[in-house]
Every structure is written in structure tokens, then in C-alpha cells.
Amino acid sequence: MTTHVLILCTHNSARSVLSEGMLNHLAAKLGRDVRAHSAGSAPSGRLNPFALEALTNAGVDVAGYRSKSWDEFSSEGAPPLSIVITVCDSAAAETCPVFFGGQGQPVKVHWGYPDPSNAEGGEEGKRRAFELTRQAIGYRMLQLLALPLETMSKSDLQEALGEIGKS
């Protein structure tokens, strides 16, 4: 049974897109039945070109990616979510979306990342920040994929994901 993971940020243009891409890419490489989705509480309607560039440079196929609303994941016919991860930077006083939708009661966790869109140093600084963010996200996604998701209780999963968020 597929484990569906929803990754949320406010605009669904950068960090959540990086997360969706990395989790799907790594799950496919490792043969894990995990499917990532991303969305935003106030989607921008466009994807950050630096996010797409970082993913493409890492070998991730970004065809079909788009900025979408979290409403798609709380409507009839939405995939049954097992995990919801927010990736905004609460340390920088960003407002993180709180997701109440979804079928069942998905495990919810926060893994914050600074917004690489705000990096200094012009285009090269942004490219570097997006690549470092992609790498940090990839590291956590590998840890998620190392978990025995199919056999974990919700409380054990919650605890394990919380620990990953501290690394």
C-alpha cells in the first residue's frame, strides 16, 4: 500500500517542491512505495526556477510539476495521506500552514528550512542556497525512507519523524 506524503509550505514554489521532487526521486531509486505531493495554503501559481534547476541538476524529472493548493488534498478523490510535513521556517517568523484536511488522521510534523529565495549574492547566491536546501531536504528524505513505514504505529512514526526533524 502506497504511503502518501504531503509536503506543505505557504506558496508551493520552492521548499515544498524541492521536497516533493527529492522524496519521489529517492523513493523510486530505493524501490519504496512512497509517493510525495506538495501544496501550499496560498499557492503562488508558479514554481521558482532555481528550485526546478536544483532538482534537474540532481537528475530529478520535474515534468508536470505545478504550484497547487492544499484544497486538492482535502477533497473527494484525494490520495489517503499518511504523513503531512510543513517545511516553512518558523524560526524566521514565517506563518506555517496548518492542515486540517485529508482522509483519516495523517501524522503531522514540521521540518523547517530557511527560504532559499531570500538568499543574498544575486543569482549565484540563490543557486547555492537552493542546492544546499535540496541537499538538506534529501538527507531527511533518505532518513524517512529508511523507516519501516508499513509496520510503524502512528505514535512511533510521529516520534521518528520528529527526531529526523531535529537532525
# chains A, B, ... in the order shown; residues from 1 in each chain; ligands from 1
>>> closest_atom_pairs(of="segment 7-94 of chain A", to="segment 111-118 of chain A", cutoff="12 Å", atoms="only C-alpha atoms", output="Markdown table")
| residue | atom | partner | partner_atom | distance |
| --- | --- | --- | --- | --- |
| A:Ile7 | CA | A:Trp111 | CA | 9.7 |
| A:Leu8 | CA | A:Trp111 | CA | 10.2 |
| A:Cys9 | CA | A:Gly112 | CA | 9.7 |
| A:Thr10 | CA | A:Asp115 | CA | 11.1 |
| A:His11 | CA | A:Asp115 | CA | 11.2 |
| A:Asn12 | CA | A:Asp115 | CA | 11.7 |
| A:Ser13 | CA | A:Ser117 | CA | 9.6 |
| A:Ala14 | CA | A:Ser117 | CA | 7.6 |
| A:Arg15 | CA | A:Asp115 | CA | 7.2 |
| A:Ser16 | CA | A:Tyr113 | CA | 10.0 |
| A:Leu18 | CA | A:Pro116 | CA | 10.9 |
| A:Ser19 | CA | A:Trp111 | CA | 10.5 |
| A:Leu47 | CA | A:Ser117 | CA | 11.3 |
| A:Asn48 | CA | A:Ser117 | CA | 8.1 |
| A:Pro49 | CA | A:Ser117 | CA | 10.1 |
| A:Phe50 | CA | A:Ser117 | CA | 8.3 |
| A:Ala51 | CA | A:Pro116 | CA | 9.0 |
| A:Ala54 | CA | A:Pro116 | CA | 11.4 |
| A:Val84 | CA | A:Trp111 | CA | 10.4 |
| A:Ile85 | CA | A:Trp111 | CA | 6.7 |
| A:Thr86 | CA | A:Trp111 | CA | 6.0 |
| A:Val87 | CA | A:Gly112 | CA | 4.6 |
| A:Cys88 | CA | A:Gly112 | CA | 5.1 |
| A:Asp89 | CA | A:Gly112 | CA | 4.7 |
| A:Ser90 | CA | A:Gly112 | CA | 6.6 |
| A:Ala91 | CA | A:Gly112 | CA | 7.9 |
| A:Ala92 | CA | A:Pro114 | CA | 7.4 |
| A:Ala93 | CA | A:Pro114 | CA | 10.5 |
| A:Glu94 | CA | A:Asp115 | CA | 9.4 |
>>> select_by_dssp(residues="segment 23-162 of chain A", states="strand (DSSP E)", output="PyMOL selection string")
chain A and resi 34-40+81-86+107-110
>>> write_last_selection(atoms="N, CA and C atoms", output="PDB file, in the first residue's frame")
ATOM      1  N   VAL A  34       6.396   4.872  -1.844  1.00  0.00           N
ATOM      2  CA  VAL A  34       6.115   6.154  -1.199  1.00  0.00           C
ATOM      3  C   VAL A  34       5.890   7.164  -2.316  1.00  0.00           C
ATOM      4  N   ARG A  35       4.855   7.978  -2.149  1.00  0.00           N
ATOM      5  CA  ARG A  35       4.519   8.992  -3.158  1.00  0.00           C
ATOM      6  C   ARG A  35       4.385  10.336  -2.471  1.00  0.00           C
ATOM      7  N   ALA A  36       5.213  11.290  -2.898  1.00  0.00           N
ATOM      8  CA  ALA A  36       5.170  12.637  -2.329  1.00  0.00           C
ATOM      9  C   ALA A  36       4.309  13.545  -3.194  1.00  0.00           C
ATOM     10  N   HIS A  37       3.665  14.477  -2.524  1.00  0.00           N
ATOM     11  CA  HIS A  37       2.860  15.523  -3.159  1.00  0.00           C
ATOM     12  C   HIS A  37       3.233  16.818  -2.448  1.00  0.00           C
ATOM     13  N   SER A  38       3.114  17.941  -3.132  1.00  0.00           N
ATOM     14  CA  SER A  38       3.341  19.217  -2.458  1.00  0.00           C
ATOM     15  C   SER A  38       2.188  20.151  -2.749  1.00  0.00           C
ATOM     16  N   ALA A  39       1.995  21.090  -1.841  1.00  0.00           N
ATOM     17  CA  ALA A  39       0.921  22.064  -1.994  1.00  0.00           C
ATOM     18  C   ALA A  39       1.208  23.265  -1.093  1.00  0.00           C
ATOM     19  N   GLY A  40       0.397  24.301  -1.279  1.00  0.00           N
ATOM     20  CA  GLY A  40       0.537  25.497  -0.464  1.00  0.00           C
ATOM     21  C   GLY A  40      -0.810  25.990   0.029  1.00  0.00           C
ATOM     22  N   LEU A  81      -3.670  10.369   2.809  1.00  0.00           N
ATOM     23  CA  LEU A  81      -2.388  10.844   3.320  1.00  0.00           C
ATOM     24  C   LEU A  81      -1.996  10.108   4.598  1.00  0.00           C
ATOM     25  N   SER A  82      -0.739   9.685   4.644  1.00  0.00           N
ATOM     26  CA  SER A  82      -0.184   9.066   5.848  1.00  0.00           C
ATOM     27  C   SER A  82       0.612  10.079   6.661  1.00  0.00           C
ATOM     28  N   ILE A  83       1.273  11.005   5.941  1.00  0.00           N
ATOM     29  CA  ILE A  83       2.179  11.965   6.578  1.00  0.00           C
ATOM     30  C   ILE A  83       1.971  13.337   5.941  1.00  0.00           C
ATOM     31  N   VAL A  84       1.973  14.385   6.781  1.00  0.00           N
ATOM     32  CA  VAL A  84       1.956  15.770   6.315  1.00  0.00           C
ATOM     33  C   VAL A  84       3.157  16.463   6.953  1.00  0.00           C
ATOM     34  N   ILE A  85       4.019  17.041   6.113  1.00  0.00           N
ATOM     35  CA  ILE A  85       5.232  17.717   6.579  1.00  0.00           C
ATOM     36  C   ILE A  85       5.163  19.182   6.165  1.00  0.00           C
ATOM     37  N   THR A  86       5.333  20.090   7.124  1.00  0.00           N
ATOM     38  CA  THR A  86       5.459  21.511   6.784  1.00  0.00           C
ATOM     39  C   THR A  86       6.950  21.841   6.723  1.00  0.00           C
ATOM     40  N   VAL A 107      -0.103  11.627  10.177  1.00  0.00           N
ATOM     41  CA  VAL A 107       0.903  12.088  11.119  1.00  0.00           C
ATOM     42  C   VAL A 107       1.418  13.422  10.593  1.00  0.00           C
ATOM     43  N   LYS A 108       1.527  14.417  11.475  1.00  0.00           N
ATOM     44  CA  LYS A 108       1.959  15.757  11.065  1.00  0.00           C
ATOM     45  C   LYS A 108       3.257  16.108  11.774  1.00  0.00           C
ATOM     46  N   VAL A 109       4.186  16.680  10.999  1.00  0.00           N
ATOM     47  CA  VAL A 109       5.487  17.042  11.547  1.00  0.00           C
ATOM     48  C   VAL A 109       5.987  18.297  10.840  1.00  0.00           C
ATOM     49  N   HIS A 110       6.850  19.033  11.531  1.00  0.00           N
ATOM     50  CA  HIS A 110       7.436  20.246  10.949  1.00  0.00           C
ATOM     51  C   HIS A 110       8.943  20.048  10.777  1.00  0.00           C
TER      52      HIS A 110
END
>>> residues_around(residues="Asp61 of chain A", least_positions_apart="3", cutoff="9 Å", atoms="only C-alpha atoms", output="list of chain:residue names")
A:Gly21, A:His25, A:Leu55, A:Thr56, A:Gly64
>>> write_last_selection(atoms="N, CA and C atoms", output="PDB file, in the first residue's frame")
ATOM      1  N   GLY A  21      10.039  16.635  -5.031  1.00  0.00           N
ATOM      2  CA  GLY A  21      10.934  16.075  -6.030  1.00  0.00           C
ATOM      3  C   GLY A  21      11.939  15.104  -5.450  1.00  0.00           C
ATOM      4  N   HIS A  25      11.980  11.062  -6.121  1.00  0.00           N
ATOM      5  CA  HIS A  25      13.181  10.593  -6.798  1.00  0.00           C
ATOM      6  C   HIS A  25      13.878   9.501  -5.976  1.00  0.00           C
ATOM      7  N   LEU A  55      16.666  20.730  -8.806  1.00  0.00           N
ATOM      8  CA  LEU A  55      16.149  19.368  -8.963  1.00  0.00           C
ATOM      9  C   LEU A  55      16.652  18.744 -10.266  1.00  0.00           C
ATOM     10  N   THR A  56      16.571  19.490 -11.355  1.00  0.00           N
ATOM     11  CA  THR A  56      17.015  18.983 -12.654  1.00  0.00           C
ATOM     12  C   THR A  56      18.498  18.620 -12.608  1.00  0.00           C
ATOM     13  N   GLY A  64       5.614  18.104 -15.398  1.00  0.00           N
ATOM     14  CA  GLY A  64       4.298  18.051 -14.771  1.00  0.00           C
ATOM     15  C   GLY A  64       4.206  18.732 -13.417  1.00  0.00           C
TER      16      GLY A  64
END
>>> atom_distance(atom1="atom CA of Pro148 of chain A", atom2="atom CA of Val17 of chain A")
24.4 Å
>>> select_by_dssp(residues="chain A", states="helix (DSSP H, G or I)", output="PyMOL selection string")
chain A and resi 15-30+49-57+70-73+90-92+116-118+122-145+154-166
>>> closest_residue(among="A:Asn57, A:Ser75, A:Ser167, A:Gln105", to="Gln143 of chain A", atoms="only C-alpha atoms")
A:Ser167
>>> atom_distance(atom1="atom CA of Arg128 of chain A", atom2="atom CA of Trp70 of chain A")
28.5 Å
>>> closest_residue(among="A:Leu142, A:Met1, A:Ile164, A:Ala136", to="Asn24 of chain A", atoms="only C-alpha atoms")
A:Leu142
>>> atom_distance(atom1="atom CA of Arg134 of chain A", atom2="atom CA of Ala119 of chain A")
14.0 Å
